[in-house]
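Structure file final_38.csv with CSV, C-alpha atoms:
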```csv
chain,number,residue,atom,x,y,z
A,19,MET,CA,35.4,48.1,-32.0
A,20,LYS,CA,32.4,50.1,-30.9
A,21,LYS,CA,28.8,50.0,-32.0
A,22,ILE,CA,28.5,46.2,-32.6
A,23,PHE,CA,25.6,45.1,-30.5
A,24,SER,CA,21.9,45.8,-30.2
A,25,TYR,CA,20.1,47.3,-27.2
A,26,MET,CA,18.5,44.7,-25.0
A,27,CYS,CA,15.3,45.8,-23.2
A,28,ILE,CA,13.5,44.3,-20.2
A,29,ALA,CA,10.1,42.8,-20.8
A,30,MET,CA,7.6,41.8,-18.1
A,31,ALA,CA,6.5,38.1,-18.3
A,32,SER,CA,2.9,36.9,-17.8
A,33,LEU,CA,1.6,33.6,-16.8
A,34,THR,CA,-1.3,31.9,-18.5
A,35,ALA,CA,-4.1,30.3,-16.6
A,36,LEU,CA,-3.8,26.6,-15.7
A,37,SER,CA,-6.5,24.1,-16.3
A,38,VAL,CA,-7.1,21.0,-14.3
A,39,VAL,CA,-8.5,17.7,-15.7
A,40,SER,CA,-10.2,15.4,-13.3
A,41,CYS,CA,-10.0,11.6,-13.7
A,42,ASN,CA,-13.1,10.8,-11.7
A,43,ASP,CA,-16.1,12.3,-9.8
A,44,ASP,CA,-14.3,12.2,-6.4
A,45,ASP,CA,-11.4,14.3,-7.8
A,46,TYR,CA,-13.8,16.8,-9.3
A,47,ARG,CA,-15.7,17.2,-6.0
A,48,ASP,CA,-12.4,17.8,-4.1
A,49,ILE,CA,-11.4,20.5,-6.6
A,50,HIS,CA,-14.8,22.1,-6.6
A,51,VAL,CA,-14.8,22.4,-2.8
A,52,ASN,CA,-11.4,24.1,-2.9
A,53,VAL,CA,-12.5,26.6,-5.5
A,54,GLU,CA,-15.5,27.6,-3.3
A,55,GLN,CA,-13.3,27.9,-0.2
A,56,GLY,CA,-10.6,30.0,-1.8
A,57,GLY,CA,-10.9,31.2,-5.3
A,58,ALA,CA,-8.5,34.2,-5.6
A,59,PHE,CA,-5.2,34.3,-7.6
A,60,LEU,CA,-2.6,36.7,-8.7
A,61,TYR,CA,-1.8,36.9,-12.4
A,62,SER,CA,2.0,36.4,-12.2
A,63,ASP,CA,4.7,35.3,-9.8
A,64,THR,CA,7.4,36.9,-11.9
A,65,VAL,CA,9.5,39.7,-10.6
A,66,ALA,CA,8.9,42.6,-13.0
A,67,ARG,CA,11.3,45.5,-13.1
A,68,LEU,CA,9.4,48.8,-13.5
A,69,GLN,CA,11.3,52.0,-14.2
A,70,TYR,CA,9.8,55.3,-13.3
A,71,ALA,CA,10.8,58.9,-14.1
A,72,PRO,CA,10.9,61.4,-11.2
A,73,THR,CA,7.7,63.0,-12.5
A,74,ASP,CA,5.7,59.8,-12.9
A,75,ASP,CA,2.8,59.0,-10.7
A,76,GLN,CA,4.1,56.7,-8.0
A,77,THR,CA,1.6,53.9,-8.3
A,78,VAL,CA,2.1,50.3,-9.3
A,79,THR,CA,-0.9,48.1,-10.4
A,80,ILE,CA,-1.3,44.4,-10.0
A,81,LYS,CA,-4.1,42.2,-11.4
A,82,ILE,CA,-6.1,39.8,-9.2
A,83,GLY,CA,-8.7,37.3,-10.3
A,84,ARG,CA,-11.2,34.9,-8.7
A,85,THR,CA,-12.8,31.6,-9.7
A,86,ASP,CA,-16.5,32.5,-8.9
A,87,SER,CA,-18.0,35.8,-10.1
A,88,THR,CA,-21.6,35.0,-8.9
A,89,ILE,CA,-21.1,36.3,-5.3
A,90,THR,CA,-19.6,39.2,-3.4
A,91,GLN,CA,-16.2,38.3,-1.9
A,92,THR,CA,-13.5,40.1,0.0
A,93,PHE,CA,-9.9,38.8,0.0
A,94,ALA,CA,-7.0,39.9,2.2
A,95,LEU,CA,-3.7,41.2,0.8
A,96,THR,CA,-0.3,41.7,2.5
A,97,GLY,CA,2.9,43.4,1.3
A,98,ASP,CA,6.4,43.0,2.6
A,99,ASN,CA,7.7,46.5,2.0
A,100,ASP,CA,6.3,49.4,4.0
A,101,LYS,CA,7.3,51.9,1.3
A,102,PHE,CA,4.3,50.5,-0.6
A,103,GLN,CA,0.8,51.1,0.6
A,104,VAL,CA,-0.8,47.7,-0.2
A,105,PRO,CA,-4.6,47.7,0.5
A,106,ALA,CA,-5.5,45.3,3.3
A,107,THR,CA,-8.4,43.9,1.3
A,108,VAL,CA,-9.9,43.8,-2.2
A,109,THR,CA,-13.6,43.3,-2.7
A,110,PHE,CA,-15.3,41.8,-5.7
A,111,GLU,CA,-18.9,42.6,-6.4
A,112,VAL,CA,-21.3,40.2,-8.2
A,113,GLY,CA,-20.2,39.9,-11.9
A,114,GLU,CA,-16.6,40.9,-11.3
A,115,LYS,CA,-14.0,38.2,-12.1
A,116,TYR,CA,-10.9,40.4,-12.5
A,117,LYS,CA,-9.7,43.5,-10.8
A,118,ASP,CA,-6.8,45.9,-11.1
A,119,VAL,CA,-5.4,46.9,-7.7
A,120,ALA,CA,-3.5,50.2,-7.5
A,121,ILE,CA,-0.7,50.3,-4.9
A,122,PRO,CA,0.8,53.8,-4.2
A,123,PHE,CA,4.4,54.0,-3.0
A,124,THR,CA,6.8,56.7,-1.9
A,125,LEU,CA,10.3,56.5,-3.2
A,126,GLU,CA,13.1,59.0,-3.9
A,127,ILE,CA,15.2,59.4,-7.0
A,128,GLY,CA,17.7,56.5,-7.3
A,129,ASP,CA,15.7,54.2,-5.0
A,130,ASP,CA,15.4,50.6,-6.1
A,131,GLU,CA,12.9,48.6,-4.1
A,132,THR,CA,11.1,45.2,-4.4
A,133,LEU,CA,7.6,44.5,-3.2
A,134,THR,CA,6.0,41.0,-2.8
A,135,VAL,CA,2.2,41.0,-2.5
A,136,SER,CA,0.6,37.8,-1.1
A,137,LEU,CA,-2.8,36.3,-0.6
A,138,SER,CA,-3.6,34.3,2.5
A,139,ASP,CA,-3.6,30.5,2.3
A,140,GLU,CA,-7.3,30.6,3.1
A,141,ASP,CA,-8.1,32.9,0.2
A,142,ALA,CA,-5.7,31.6,-2.4
A,143,TYR,CA,-6.9,29.3,-5.2
A,144,THR,CA,-4.7,26.1,-5.1
A,145,TYR,CA,-3.9,26.1,-8.8
A,146,GLY,CA,-3.1,29.8,-9.1
A,147,ASN,CA,-0.4,32.2,-8.0
A,148,LYS,CA,-0.5,33.1,-4.3
A,149,THR,CA,2.2,35.9,-4.6
A,150,VAL,CA,3.5,38.4,-7.1
A,151,SER,CA,6.7,40.5,-6.9
A,152,VAL,CA,7.5,43.8,-8.6
A,153,ASN,CA,10.8,45.7,-8.6
A,154,VAL,CA,10.5,49.5,-8.8
A,155,TRP,CA,13.3,51.8,-9.7
A,156,ILE,CA,13.1,55.6,-9.8
A,157,ASP,CA,15.5,56.8,-12.5
A,158,TYR,CA,17.0,60.2,-12.9
A,159,THR,CA,15.9,62.8,-15.5
A,160,TRP,CA,18.6,62.4,-18.2
A,161,VAL,CA,19.7,65.4,-20.2
A,162,ASN,CA,21.9,65.2,-23.4
A,163,ILE,CA,24.6,67.8,-22.7
A,164,GLY,CA,26.3,67.4,-26.1
A,165,THR,CA,29.1,65.5,-27.8
A,166,GLY,CA,32.6,65.3,-26.5
A,167,THR,CA,35.4,62.8,-27.3
A,168,PHE,CA,36.5,59.6,-25.8
A,169,ASN,CA,40.1,58.3,-26.1
A,170,SER,CA,40.4,54.6,-25.2
A,171,THR,CA,43.8,53.5,-24.2
A,172,PHE,CA,42.6,49.9,-24.0
A,173,PHE,CA,41.1,49.8,-27.5
A,174,GLU,CA,43.6,52.3,-28.9
A,175,ARG,CA,40.8,54.3,-30.5
A,176,GLU,CA,39.3,57.8,-30.2
A,177,TRP,CA,35.8,58.7,-31.2
A,178,ASP,CA,33.1,61.3,-30.7
A,179,GLN,CA,31.0,60.5,-27.6
A,180,VAL,CA,27.5,61.7,-26.6
A,181,VAL,CA,27.4,62.6,-22.9
A,182,ILE,CA,24.2,62.3,-20.9
A,183,LYS,CA,23.9,63.8,-17.4
A,184,ALA,CA,21.3,63.5,-14.6
A,185,ALA,CA,19.5,66.7,-14.0
A,186,GLU,CA,19.2,65.9,-10.3
A,187,ALA,CA,22.8,64.7,-9.5
A,188,ASN,CA,26.3,64.6,-10.8
A,189,VAL,CA,25.8,61.3,-12.5
A,190,TYR,CA,27.1,60.8,-16.0
A,191,ARG,CA,26.1,58.2,-18.6
A,192,LEU,CA,28.0,57.4,-21.8
A,193,PRO,CA,25.6,55.6,-24.2
A,194,ASP,CA,26.9,53.2,-26.8
A,195,LEU,CA,30.5,53.7,-25.5
A,196,TYR,CA,32.3,50.6,-26.5
A,197,ALA,CA,29.4,48.9,-28.3
A,198,ASP,CA,25.8,49.8,-29.4
A,199,GLY,CA,23.3,49.3,-26.6
A,200,TYR,CA,25.9,49.3,-23.8
A,201,GLU,CA,26.4,52.3,-21.6
A,202,ILE,CA,28.8,53.2,-18.8
A,203,THR,CA,27.6,55.2,-15.8
A,204,PHE,CA,29.7,57.0,-13.1
A,205,THR,CA,29.1,59.5,-10.3
A,206,LEU,CA,31.2,62.5,-9.4
A,207,THR,CA,31.4,64.5,-6.2
A,208,ASP,CA,29.4,67.8,-6.0
A,209,ASP,CA,32.5,69.7,-7.2
A,210,GLY,CA,33.0,67.3,-10.1
A,211,GLN,CA,36.7,66.7,-9.2
A,212,HIS,CA,36.5,63.1,-7.8
A,213,LEU,CA,34.6,59.9,-8.0
A,214,ALA,CA,31.7,59.9,-5.5
A,215,GLU,CA,31.7,56.1,-5.5
A,216,SER,CA,33.5,53.3,-7.2
A,217,ILE,CA,32.5,52.5,-10.7
A,218,ALA,CA,30.4,49.4,-10.6
A,219,LEU,CA,31.1,46.3,-12.7
A,220,GLN,CA,29.5,46.9,-16.1
A,221,PRO,CA,29.6,45.0,-19.4
A,222,THR,CA,31.2,46.9,-22.3
A,223,GLY,CA,29.3,45.0,-25.0
A,224,TYR,CA,32.6,43.9,-26.6
A,225,VAL,CA,32.9,40.1,-26.7
A,226,HIS,CA,36.4,38.7,-26.8
A,227,SER,CA,36.8,35.8,-29.3
A,228,SER,CA,38.4,33.6,-26.6
A,229,TYR,CA,37.2,34.9,-23.3
A,230,GLY,CA,33.6,36.2,-23.9
A,231,MET,CA,32.1,39.5,-22.6
A,232,VAL,CA,34.6,42.1,-21.5
A,233,TYR,CA,33.6,44.1,-18.4
A,234,ILE,CA,34.9,47.3,-16.8
A,235,GLU,CA,35.0,48.4,-13.2
A,236,ASN,CA,36.9,51.0,-11.1
A,237,GLY,CA,40.6,50.7,-11.6
A,238,TRP,CA,42.7,49.6,-8.7
A,239,ASP,CA,46.3,49.1,-7.6
A,240,ARG,CA,47.0,45.4,-7.2
A,241,ASN,CA,50.4,46.2,-5.6
A,242,SER,CA,48.9,48.2,-2.8
A,243,GLU,CA,47.6,46.8,0.4
A,244,GLY,CA,43.8,46.5,0.3
A,245,TYR,CA,43.8,47.2,-3.5
A,246,PRO,CA,42.4,50.8,-3.2
A,247,ASP,CA,40.3,52.2,-6.0
A,248,PHE,CA,42.0,54.8,-8.2
A,249,ASP,CA,40.3,58.2,-8.3
A,250,ILE,CA,39.8,60.3,-11.5
A,251,GLU,CA,42.2,62.9,-12.7
A,252,ARG,CA,40.5,66.0,-14.0
A,253,GLU,CA,41.8,69.1,-15.8
A,254,ASP,CA,39.1,71.5,-17.0
A,255,ASN,CA,36.7,69.4,-19.1
A,256,THR,CA,39.1,66.5,-19.5
A,257,ILE,CA,38.5,63.5,-17.2
A,258,THR,CA,40.9,60.6,-17.0
A,259,ILE,CA,39.1,57.6,-15.6
A,260,PRO,CA,41.2,54.6,-14.5
A,261,LEU,CA,39.3,51.4,-15.5
A,262,ALA,CA,40.0,47.8,-14.9
A,263,PHE,CA,39.1,45.5,-17.9
A,264,ARG,CA,38.2,42.0,-17.0
A,265,VAL,CA,36.6,38.8,-18.3
A,266,SER,CA,35.4,35.7,-16.5
A,267,ALA,CA,38.9,34.2,-16.6
A,268,GLY,CA,40.7,37.3,-15.1
A,269,TYR,CA,41.9,40.8,-15.8
A,270,PHE,CA,43.4,42.3,-18.9
A,271,GLU,CA,44.2,45.6,-17.3
A,272,PHE,CA,44.0,46.8,-13.6
A,273,ALA,CA,44.1,50.5,-14.2
A,274,CYS,CA,43.8,51.5,-17.8
A,275,PRO,CA,43.5,55.3,-18.3
A,276,GLU,CA,40.4,56.1,-20.4
A,277,VAL,CA,40.1,59.8,-21.2
A,278,LEU,CA,36.7,61.6,-21.6
A,279,THR,CA,36.6,65.2,-22.8
A,280,LEU,CA,33.3,66.7,-21.9
A,281,PRO,CA,31.4,69.0,-24.3
A,282,GLU,CA,32.2,72.6,-24.0
```

Would you put the structure from the file into structure tokens?
Amino acid sequence: MKKIFSYMCIAMASLTALSVVSCNDDDYRDIHVNVEQGGAFLYSDTVARLQYAPTDDQTVTIKIGRTDSTITQTFALTGDNDKFQVPATVTFEVGEKYKDVAIPFTLEIGDDETLTVSLSDEDAYTYGNKTVSVNVWIDYTWVNIGTGTFNSTFFEREWDQVVIKAAEANVYRLPDLYADGYEITFTLTDDGQHLAESIALQPTGYVHSSYGMVYIENGWDRNSEGYPDFDIEREDNTITIPLAFRVSAGYFEFACPEVLTLPE
């Protein structure tokens, strides 16, 4: 049942420049005046997700262009997230048409923040992008701690399982658990005896022939008021994790015990 799907990675999209065709001289003059009055544009309005390691330089770079490179111009920039130090202005010297703008930021491990950078209406070229958004995530330092075993009650299978752990926290990742390219992540308390937080809804990578993608989340007791999440049961290196298995149409199991034995 496992190792059946390929890893999907995130790619950042880019937007090609737009061209304008005028139908008459009046239209051309209107467009020309607008170019002179504004002239700045950002290269993409797409939200790009950027992943950083804890040791990476905390700087994100955006690209800005202008329509006239024959003069010196200064354009105002604003940002909507004070964790990013967006420069107030960017200046182009004669001959410069494009410029990379470095934006430092200060985030902690595990932080996930989005920044939108904007040009003013006065500076923005009508036919270009006025804003650009980036999403920055500071990931953990992941360490392969060895190979244990995983006994799946739901799939009625047992297999060798690589276990990855964050160097900075008690966070575990099980890569290619139910299918290639799909991992399961969970966080334990400092003493390693309990779940520090509920296991978030995550795709397993296994696609049911009738119901589509199968997901897991923290197991819960549907007969109990408030449906509380079940905690793990741990004995030495063996961790029993109650998981709920669901599809878009509903649940297969509400608290299926999946058993991980950590490497020695």

* Asked: Residues at most 9 Å from segment 69-74 of chain A, counting all atoms listed in the file, excluding those fewer than 4 positions away in the same chain, as a PyMOL selection string?
  -> chain A and resi 126-127+153-159

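With atom CA of Ile202 of chain A on one side and atom CA of Pro221 of chain A on the other, the separation reads 8.3 Å.
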
Could you build a table of the residues in segment 152-204 of chain A lying no more than 12 Å from segment 238-261 of chain A, giving for each the nearest pair of atoms and their separation in Å rounded to one decimal place, using all atoms listed in the file, ordered by chain and ascending residue number, as a Markdown table?
```
| residue | atom | partner | partner_atom | distance |
| --- | --- | --- | --- | --- |
| A:Gly166 | CA | A:Asn255 | CA | 9.4 |
| A:Thr167 | CA | A:Thr256 | CA | 9.4 |
| A:Phe168 | CA | A:Ile257 | CA | 9.7 |
| A:Asn169 | CA | A:Thr258 | CA | 9.4 |
| A:Ser170 | CA | A:Ile259 | CA | 10.1 |
| A:Thr171 | CA | A:Leu261 | CA | 10.0 |
| A:Phe172 | CA | A:Leu261 | CA | 9.2 |
| A:Tyr190 | CA | A:Ile257 | CA | 11.8 |
| A:Ile202 | CA | A:Leu261 | CA | 11.2 |
| A:Thr203 | CA | A:Ile259 | CA | 11.7 |
| A:Phe204 | CA | A:Ile259 | CA | 9.7 |
```

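Between atom CA of Ile82 of chain A and atom CA of Val119 of chain A there is a distance of 7.3 Å.
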
* So how far away is atom CA of Trp160 of chain A from atom CA of Lys101 of chain A, in Å? ->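 Taking atom CA of Lys101 of chain A as the start and atom CA of Trp160 of chain A as the end point, the length is 24.9 Å.
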
* Asked: Around (0.6, 35.2, -6.1) in the file's own coordinates, what residues are found within 6 Å if you use all atoms listed in the file, given back as a ChimeraX atom specification?
  -> /A:60,63,136,147-150

Write to file, as a compact mmCIF listing (two decimals), in the coordinates of the input, the residues of the selection just made, with C-alpha atoms.
```txt
# COMPACT_ATOMS: atom_id res chain seq x y z
CA LEU A 60 -2.60 36.70 -8.70
CA ASP A 63 4.70 35.30 -9.80
CA SER A 136 0.60 37.80 -1.10
CA ASN A 147 -0.40 32.20 -8.00
CA LYS A 148 -0.50 33.10 -4.30
CA THR A 149 2.20 35.90 -4.60
CA VAL A 150 3.50 38.40 -7.10
```

Name all residues at most 7 Å from Phe102 of chain A (count all atoms listed in the file; drop same-chain ones fewer than 3 positions away) and give them as an mmCIF file with C-alpha atoms, keeping the file's coordinate frame.
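Listed below is the output, part.cif:
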```
data_model
loop_
_atom_site.group_PDB
_atom_site.id
_atom_site.type_symbol
_atom_site.label_atom_id
_atom_site.label_comp_id
_atom_site.auth_asym_id
_atom_site.auth_seq_id
_atom_site.Cartn_x
_atom_site.Cartn_y
_atom_site.Cartn_z
ATOM 1 C CA ASN A 99 7.700 46.500 2.000
ATOM 2 C CA ILE A 121 -0.700 50.300 -4.900
ATOM 3 C CA PRO A 122 0.800 53.800 -4.200
ATOM 4 C CA PHE A 123 4.400 54.000 -3.000
ATOM 5 C CA THR A 124 6.800 56.700 -1.900
#
```

* Asked: Hey, can you pull every residue with an atom no more than 12 Å from (29.9, 39.7, -21.5), using only C-alpha atoms, and send it as a ChimeraX atom specification?
  -> /A:23,197,200,219-234,263-267

* Using all atoms listed in the file, which residue out of A:Val104, A:Ile80, A:Val181, A:Val112 lies closest to Glu282 of chain A? -> A:Val181
